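Asks: Here it is, the structure in full.
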Amino acid sequence: LTSAIALGVGEVTLGADMKLTKVLYLKSDLVLNLNGNTLTIGDIGTTNENNTVAIRTVENAKLTLNGTGEIDATETGNNYQDYLVPVAAMGASSEVTINDGVTIRVNTSRESCVFASKDTHVVINGGTFINESEGDYAYAGDSGVKTPLTVNVSNSAQVSSLIVNGGTFIGRSPALGDDNLGGTFVAADKVCYETDENTSVVGDPSEAGSYPVLVATANALQYAIENGVANVELVADIEMTEALTFNKSITLDLGGNQLTLYSNESNKSTNSISGGAQVIIQNGNLIGKQAGEAVSTYANIQVSGAKTSLTLKSVNYTADGTAICIMGDGSTEYNEGTCATVTVEENSTINTSGSFGIGTNATAPKGVNQFANVHIVVKEDSHITATYGDGAVGIMLNVAGKLEVSGSTIEAVDQAVFLRAGTGTITDSTLGTTKVYTAEQIICLDKNWGSGNYAPQAALVVGNRNGTYYADATCTLRGEIKFEIAKNSAVPEIYVYDGTVDPTATKYETTLNYEEGTGITDIVIGNGSGAVTINGVEVDGETEQPDTSEEGGTGTEEEPAEEPQA
């Protein structure tokens with residue numbers, strides 16, 4: 001073998017297993033076929049502690065490895081075993097190509113199976129790359145621990161190249177890229193999926209099946225989503241530069257990392273989930289960021305259409321607009337089988353500096369609400385906070401739909417929950433408002449409400465004063481409900497209104513039900529309201545200014561106040 005290489009033979013096929021005892025310097029092009037044999041790297045006699053390479057190209061040379069066979073660099077007794085690399089492109093403008101069938105095995109805590117030095121190019125089309133080193137390693141000065149390397153590049157990676165089109169990697173995944181510089185080695189039209197905790201495979205998206213695809217870059221994430229990958233796991237923080245479109249079901253595991261989503265109101269580019277896609281985002285931090293100056297009402301994520309859903313599990317989500325806008329298929333009544341759904345669970349948080357934490361769209365051309373039929377679920381110690389200036393709402397439901405909040409906290413500047421239409425059930429939860437208002441500052445007490453959340457402030461607002469929202473507004477409170485109103489604020493716990501007093505208008509009812517022991521002390525019925533049904537009893541509104549003191553405006557379950565406050 002060494003003689004053939006010294007003579008510049010262009011193609012060599014191994015006829016037997018053999019042991020290499022000196023470094024092979026490839027000064028000309030070589031196609032090496034392992035032919036089912038094993039080339040063992042013995043003590044190659046070097047004392048160089050830096051990238052001791054057994055088979056290395058020099059300037060302009062090209063090495064191609066073919067055939068089923070193995071290059072084994074795990075034998076004990078090698079000098080500087082921790083620094084040994086079996087195959088590397090080392091000379092400027094040199095190249096290494098490794099094809100399917102080749103196995104390269106090392107046992108080193110410092111180096112890798114294959115290495116690309118400065119100004120070189122390595123292409124891996126297949127094969128198996130194994131680092132048998134036990135445990136993790138960390139270079140001196142590194143923060144954190146890292147899995148033993150399988151492939152790697154020079155720290156001058158901007159002028160070296162390593163691209164993986166296929167192969168199996170036992171040790172550090174090529175999806176993570178360079179151990180110091182990050183990025184990814186996976187080709188742009190391939191994915192890297194994890195078959196067990198220590199093994200990853202690079203191939204076509206269709207091959208991944210239910211295995212999690214590992215992504216470390218924005219391009220890799222977008223490619224996986226566009227190609228219908230079912231499970232994706234982030235292995236690094238990722239910041240998108242374009243909005244994502246989800247039209248196929250996917251579980252996106254953030255892996256404890258941070259994903260920053262991009263949206264742009266000016267060109268109506270937002271992160272959208274539609275077409276019946278079931279999207280789960282879990283285990284990490286999510287940032288919703290708009291390009292340029294953020295528009296508070298513009299949605300960072302939009303969920304729309306029949307059977308479409310978004311679930312946040314153990315996610316901390318921070319947004320600069322409406323964090324999530326959910327829009328149904330326009331059914332005139334809530335339909336559990338076809339509704340669009342948003343679920344926030346497992347100690348997730350939504351913190352928005354926009355107008356709504358979760359909001360709906362009540363647009364109704366020609367008297368039909370085209371975005372009705374939604375389901376919003378917040379549970380399992382989750383927390384929604386809306387902090388935008390004046391008028392922020394934690395959850396807005398203003399279409400035919402269903403809201404379920406249990407064991408969670410919703411707080412906002414003006415209304416924690418605004419149920420203008422639809423059916424809501426709130427169980428064992430906390431509702432709060434964060435801004436101090438005097439009684440004179442509470443808006444819309446004696447005039448029509450505006451669109452969206454332009455209505456009187458309260459921890460919970462149920463009903464509608466004017467305009468048609470094409471559904472009854474019904475809210476039921478169960479278990480222990482805590483109201484956290486800003487100190488010295490005149491904002492009531494609950495404000496209800498029935499605005500359908502016109503006998504010629506379609507009648508949509510406002511209903512509030514609550515259990516004994518719920519903890520309610522302050523219900524205000526807006527002045528001029530039609531009859532509101534509270535625990536089965538119709539109660540008329542008054543025309544006087546509201547009494548929002550702790551002593552006034554409250555009836556009991558058995559006997560509502562004789563003169564309910566406005």
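Letters A, B, ... go to the chains of the structure tokens in the order shown; residues in each chain start at 1; ligands are counted from 1 in the same order.
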Compile the contact shell of Thr2 of chain A as a PDB file with C-alpha atoms, in the first residue's frame: residues with an atom at most 10 Å away, counting only C-alpha atoms, same-chain residues fewer than 3 positions apart removed.

Replies:
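After the write, part.pdb holds the following:
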ATOM      1  CA  ILE A   5       0.957   5.426  -2.962  1.00  0.00           C
ATOM      2  CA  ALA A   6       4.619   6.443  -3.261  1.00  0.00           C
ATOM      3  CA  LEU A   7       4.521   5.463  -6.942  1.00  0.00           C
ATOM      4  CA  GLY A   8       1.411   7.600  -7.495  1.00  0.00           C
ATOM      5  CA  LEU A  20      -0.607   0.863   8.988  1.00  0.00           C
ATOM      6  CA  THR A  21       2.588   1.732  10.890  1.00  0.00           C
ATOM      7  CA  LYS A  22       3.526   5.018   9.220  1.00  0.00           C
ATOM      8  CA  VAL A  23       1.682   8.121   8.075  1.00  0.00           C
ATOM      9  CA  LEU A  24       0.402   7.987   4.506  1.00  0.00           C
ATOM     10  CA  TYR A  25       1.025  11.292   2.731  1.00  0.00           C
ATOM     11  CA  LEU A  26      -1.130  11.440  -0.414  1.00  0.00           C
TER      12      LEU A  26
END

Asks: May I have a table of the residues of segment 312-394 of chain A lying at most 7 Å from segment 272-284 of chain A, giving each one's closest pair of atoms and their distance in Å to one decimal, counting only C-alpha atoms, ordered by chain and ascending residue number, as JSON lines?

Replies:
{"residue": "A:Leu312", "atom": "CA", "partner": "A:Ile281", "partner_atom": "CA", "distance": 5.1}
{"residue": "A:Lys313", "atom": "CA", "partner": "A:Gln282", "partner_atom": "CA", "distance": 4.5}
{"residue": "A:Ser314", "atom": "CA", "partner": "A:Asn283", "partner_atom": "CA", "distance": 5.0}
{"residue": "A:Val315", "atom": "CA", "partner": "A:Gly284", "partner_atom": "CA", "distance": 5.1}
{"residue": "A:Asn316", "atom": "CA", "partner": "A:Gly284", "partner_atom": "CA", "distance": 6.4}

Asks: Choose the residue, out of A:Val31, A:Leu397, A:Leu149, A:Val53, that has the smallest atom-to-atom separation from Asn107 of chain A; count only C-alpha atoms.

Replies: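 Closest candidate: A:Leu149.
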
Asks: Can you list, as an MDAnalysis selection string, every residue of segment 292-469 of chain A that DSSP puts in helix (DSSP H, G or I)?

Replies: chainID A and resid 365:367 439:441

Asks: Separation of atom CA of Thr510 of chain A and atom CA of His383 of chain A, in Å?

Replies: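 So the answer is 26.6 Å.
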
Asks: Taking only C-alpha atoms into account, which of A:Ala490, A:Ile163, A:Ile443, A:Ile55 comes nearest Thr120 of chain A?

Replies: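 Closest candidate: A:Ile163.
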
Asks: Might you pull out every residue within 8 Å of segment 389-395 of chain A, with only C-alpha atoms counted and same-chain residues fewer than 6 positions away left off, and present them as a VMD selection string?

Replies: chain A and resid 354 to 359 410 to 418 453 to 454

Asks: Any idea what's packed within 8 Å of Ile494 of chain A, counting only C-alpha atoms, ignoring anything in its chain fewer than 5 positions away? Could you give it as a PyMOL selection string?

Replies: chain A and resi 458-462+522-524

Asks: Restricting the calculation to only C-alpha atoms, which member of A:Thr506, A:Thr184, A:Thr474, A:Ser133 is positioned closest to Asn152 of chain A?

Replies: A:Thr184
